[in-house]
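Visitor: Just passing along the structure, written as structure tokens.
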There are 2 protein chains.
Amino acid sequence: MRIGELARRTGVSERSLRYYEQQGLLAARRTAGGHREYPEAAVDRVVHIQELYAAGLHSRTIYKILPCMQDADGSPSEIATPLLVEELTAERERIDRMITDLLRSREVLDEVIVTASGQPASEVA
Amino acid sequence: MRIGELARRTGVSERSLRYYEQQGLLAARRTAGGHREYPEAAVDRVVHIQELYAAGLHSRTIYKILPCMQDADGSPSEIATPLLVEELTAERERIDRMITDLLRSREVLDEVIVTASGQPASEVA
DNA sequence: GTGGAAGCTAACATTGATGTCAGGTTCAAG
DNA sequence: CTTGAACCTGACATCAATGTTAGCTTCCAC
């Protein structure tokens, strides 16, 4: 399929798809005229990429992870080096911290909402 | 206290403290020579600001919230408008979504870690 | 009053994924 | 062949908080 369809089907802009290619995350054959031609599996791959971006990973890290992921093409083509596993574990801890922070943030925000919406200062016990 | 001490005590850079002032988040009296002079309560205020930044709020939103928060100075000086409460509720939902997304991201990452660390493709059932 | 630490302003740089525009080429249906 | 949609590259813009630098001023302990 071509880039427009891939963009439509994944909800990712054409701009971003080209960027992913530039970062080595997404390959495409080219037509004689230079247009990108994607296989079906590209949809899954883009979904994977999005999931990893959503986790706050940088494209360089995603670049290293992708070969180790299972996708529609089948089994992962590479096994992670111990160094990569260590890096991923560190990322996991970062995500844990973010979750913790966000839970805390939500509490703070709730407190603000209560303070701000319901109670004039005179009503505070 | 002066900016250096406030920075040290809050862990926020002087650059950021000046930026907060520029955004209207943090006020300071000035000495005759133009140096910023902060009250004790500034420490709490900066902590509040950090908490809100950590929640992913923009300075403009924080600007609107701060007067509604309780700090070392005592009770909030203003009650939020219904519009602001609505905005904060939207922010809360955004945080909820982020948490959900991160939990999902963590799962994905765990899957990658398992796939990547333990099992060569030949071992996959 | 002096010297060095600490502050001041202003301006520019950074980050990183994505938006947007310009100016051209290719594709495919009629 | 033609035409309009789709695509190409390359460059510049964006966001927002913060880092960094330069050049100058103030503060304060001696």
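As shown in the structure tokens, the chain order sets the letters A, B, ...; within each chain, residues go from 1, and ligands are also counted from 1 in the order they appear.
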Do a neighbour search on DC28 of chain D at 12 Å with only C-alpha atoms (C1' of nucleotides), toss out local chain neighbours closer than 5 positions, and write the hits as a list in words.
Guide: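 Neighbouring residues, sequence-local ones excluded: DG1, DT2, DG3, DG4, DA5 and DA6 of chain C.
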Visitor: Could the residues in this selection be written to a file with N, CA and C atoms (P, O5', C5', C4', C3', O3' and C1' of nucleotides), as a compact mmCIF listing (two decimals), in the first residue's frame?
Guide:
# COMPACT_ATOMS: atom_id res chain seq x y z
P DG C 1 36.28 55.08 50.17
O5' DG C 1 36.83 53.61 49.96
C5' DG C 1 38.25 53.53 49.70
C4' DG C 1 38.46 52.16 49.14
C3' DG C 1 37.65 51.92 47.86
O3' DG C 1 38.25 50.92 47.06
C1' DG C 1 36.90 50.48 49.52
P DT C 2 39.67 50.99 46.48
O5' DT C 2 39.88 49.42 46.44
C5' DT C 2 40.17 48.72 47.68
C4' DT C 2 39.92 47.25 47.51
C3' DT C 2 39.53 46.80 46.10
O3' DT C 2 39.91 45.43 45.98
C1' DT C 2 37.77 46.32 47.51
P DG C 3 40.74 44.97 44.76
O5' DG C 3 40.59 43.39 44.89
C5' DG C 3 40.67 42.79 46.19
C4' DG C 3 39.73 41.60 46.26
C3' DG C 3 39.50 40.93 44.90
O3' DG C 3 39.34 39.54 45.12
C1' DG C 3 37.44 41.73 45.76
P DG C 4 39.59 38.54 43.96
O5' DG C 4 38.60 37.36 44.30
C5' DG C 4 38.23 37.10 45.66
C4' DG C 4 36.76 36.77 45.75
C3' DG C 4 36.25 35.96 44.56
O3' DG C 4 35.27 35.07 45.06
C1' DG C 4 34.97 37.89 44.77
P DA C 5 34.88 33.77 44.26
O5' DA C 5 33.47 33.42 44.92
C5' DA C 5 33.25 33.74 46.30
C4' DA C 5 31.80 34.18 46.49
C3' DA C 5 30.80 33.36 45.69
O3' DA C 5 29.66 33.15 46.52
C1' DA C 5 30.58 35.64 45.12
P DA C 6 28.48 32.18 46.04
O5' DA C 6 27.42 33.24 45.56
C5' DA C 6 26.97 34.23 46.47
C4' DA C 6 25.99 35.16 45.79
C3' DA C 6 25.02 34.43 44.86
O3' DA C 6 23.71 34.90 45.14
C1' DA C 6 26.06 36.19 43.70
Visitor: List the neighbours of segment 13-30 of chain C out to 12 Å using only C-alpha atoms (C1' of nucleotides); skip same-chain residues closer than 6 positions along the sequence, and give me the result as a count of residues only.
Guide: 47
Visitor: Write out as a PyMOL selection string each polymer residue whose atoms come within 9 Å of Arg106 of chain B, counting only C-alpha atoms (C1' of nucleotides); drop sequence neighbours fewer than 3 positions from it.
Guide: (chain A and resi 55+92+95-96) or (chain B and resi 101-103+109-111)
Visitor: Include C-alpha atoms and write out the residues we just selected as a PDB file, in the first residue's frame.
Guide:
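out38.pdb, written as the output of this step:
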ATOM      1  CA  ALA A  55       5.782   4.844  26.510  1.00  0.00           C
ATOM      2  CA  ARG A  92      10.461   0.221  32.697  1.00  0.00           C
ATOM      3  CA  ILE A  95       7.645   4.372  33.410  1.00  0.00           C
ATOM      4  CA  ASP A  96       6.955   3.155  36.921  1.00  0.00           C
TER       5      ASP A  96
ATOM      6  CA  ASP B 101      -1.602   4.578  28.519  1.00  0.00           C
ATOM      7  CA  LEU B 102       1.469   4.141  30.655  1.00  0.00           C
ATOM      8  CA  LEU B 103       0.122   0.991  32.250  1.00  0.00           C
ATOM      9  CA  LEU B 109       7.583  -3.191  27.412  1.00  0.00           C
ATOM     10  CA  ASP B 110       7.400  -6.183  29.714  1.00  0.00           C
ATOM     11  CA  GLU B 111       6.427  -8.303  26.788  1.00  0.00           C
TER      12      GLU B 111
END
Visitor: Given only C-alpha atoms as the basis, pick out the residue of B:Thr89, B:Thr10, B:Ser105, B:Thr81 nearest to Ile49 of chain A.
Guide: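 Nearest candidate to Ile49 of chain A out of B:Thr89, B:Thr10, B:Ser105, B:Thr81: B:Ser105.
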Visitor: Can you pull out the residues contacting Val47 of chain B? Cut-off 12 Å, using only C-alpha atoms (C1' of nucleotides), and skip same-chain residues under 5 positions away; I want them as a tab-separated table (two decimals) with C-alpha atoms, in the first residue's frame.
Guide:
chain	number	residue	atom	x	y	z
A	108	VAL	CA	-2.88	17.14	44.01
B	6	LEU	CA	15.55	29.35	46.93
B	7	ALA	CA	17.06	27.38	44.09
B	9	ARG	CA	16.18	24.64	48.80
B	10	THR	CA	13.74	23.68	46.07
B	11	GLY	CA	16.08	21.98	43.67
B	12	VAL	CA	14.83	24.25	40.92
B	17	LEU	CA	12.70	30.53	39.03
B	20	TYR	CA	8.28	31.31	36.75
B	25	LEU	CA	3.71	32.23	38.86
B	26	LEU	CA	6.10	33.56	41.46
B	41	ALA	CA	6.41	30.95	51.64
B	42	ALA	CA	8.08	30.99	48.24
B	52	LEU	CA	1.55	21.04	38.78
B	53	TYR	CA	4.27	20.99	36.14
B	54	ALA	CA	4.80	17.34	36.97
B	66	LEU	CA	-2.34	28.92	41.91
B	69	MET	CA	-4.44	26.56	46.15
B	71	ASP	CA	-0.18	27.21	50.71
B	72	ALA	CA	1.92	28.24	53.63
Visitor: How would you write, as a count of residues only, the set of residues in segment 5-106 of chain A that DSSP gives as helix (DSSP H, G or I)?
Guide: 64
Visitor: Would you kindly return, as a list in words, each protein, DNA or RNA residue with an atom no farther than 12 Å from any atom of DA10 of chain C, considering only C-alpha atoms (C1' of nucleotides) and excluding same-chain residues fewer than 5 positions away?
Guide: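 Residues near the query, excluding close chain neighbours: DT21, DA22, DG23 and DC24 of chain D.
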Visitor: Please, what distance in Å, to one decimal, runs between atom CA of Glu51 of chain B and atom CA of Ile62 of chain A?
Guide: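 Between these atoms lies a distance of 29.4 Å.
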Visitor: May I ask for the distance between atom C1' of DC8 of chain C and atom C1' of DT25 of chain D, given in Å to one decimal place?
Guide: 6.9 Å
Visitor: For atom CA of Ala27 of chain B and atom CA of Leu83 of chain B, quote the distance in Å rounded to one decimal.
Guide: 25.1 Å
Visitor: Choose the residue, out of B:Ile3, B:Ile99, B:Ala90, B:Val114, that has the smallest atom-to-atom separation from chain A; count only C-alpha atoms.
Guide: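 For chain A, the nearest of the candidates is B:Ile99.
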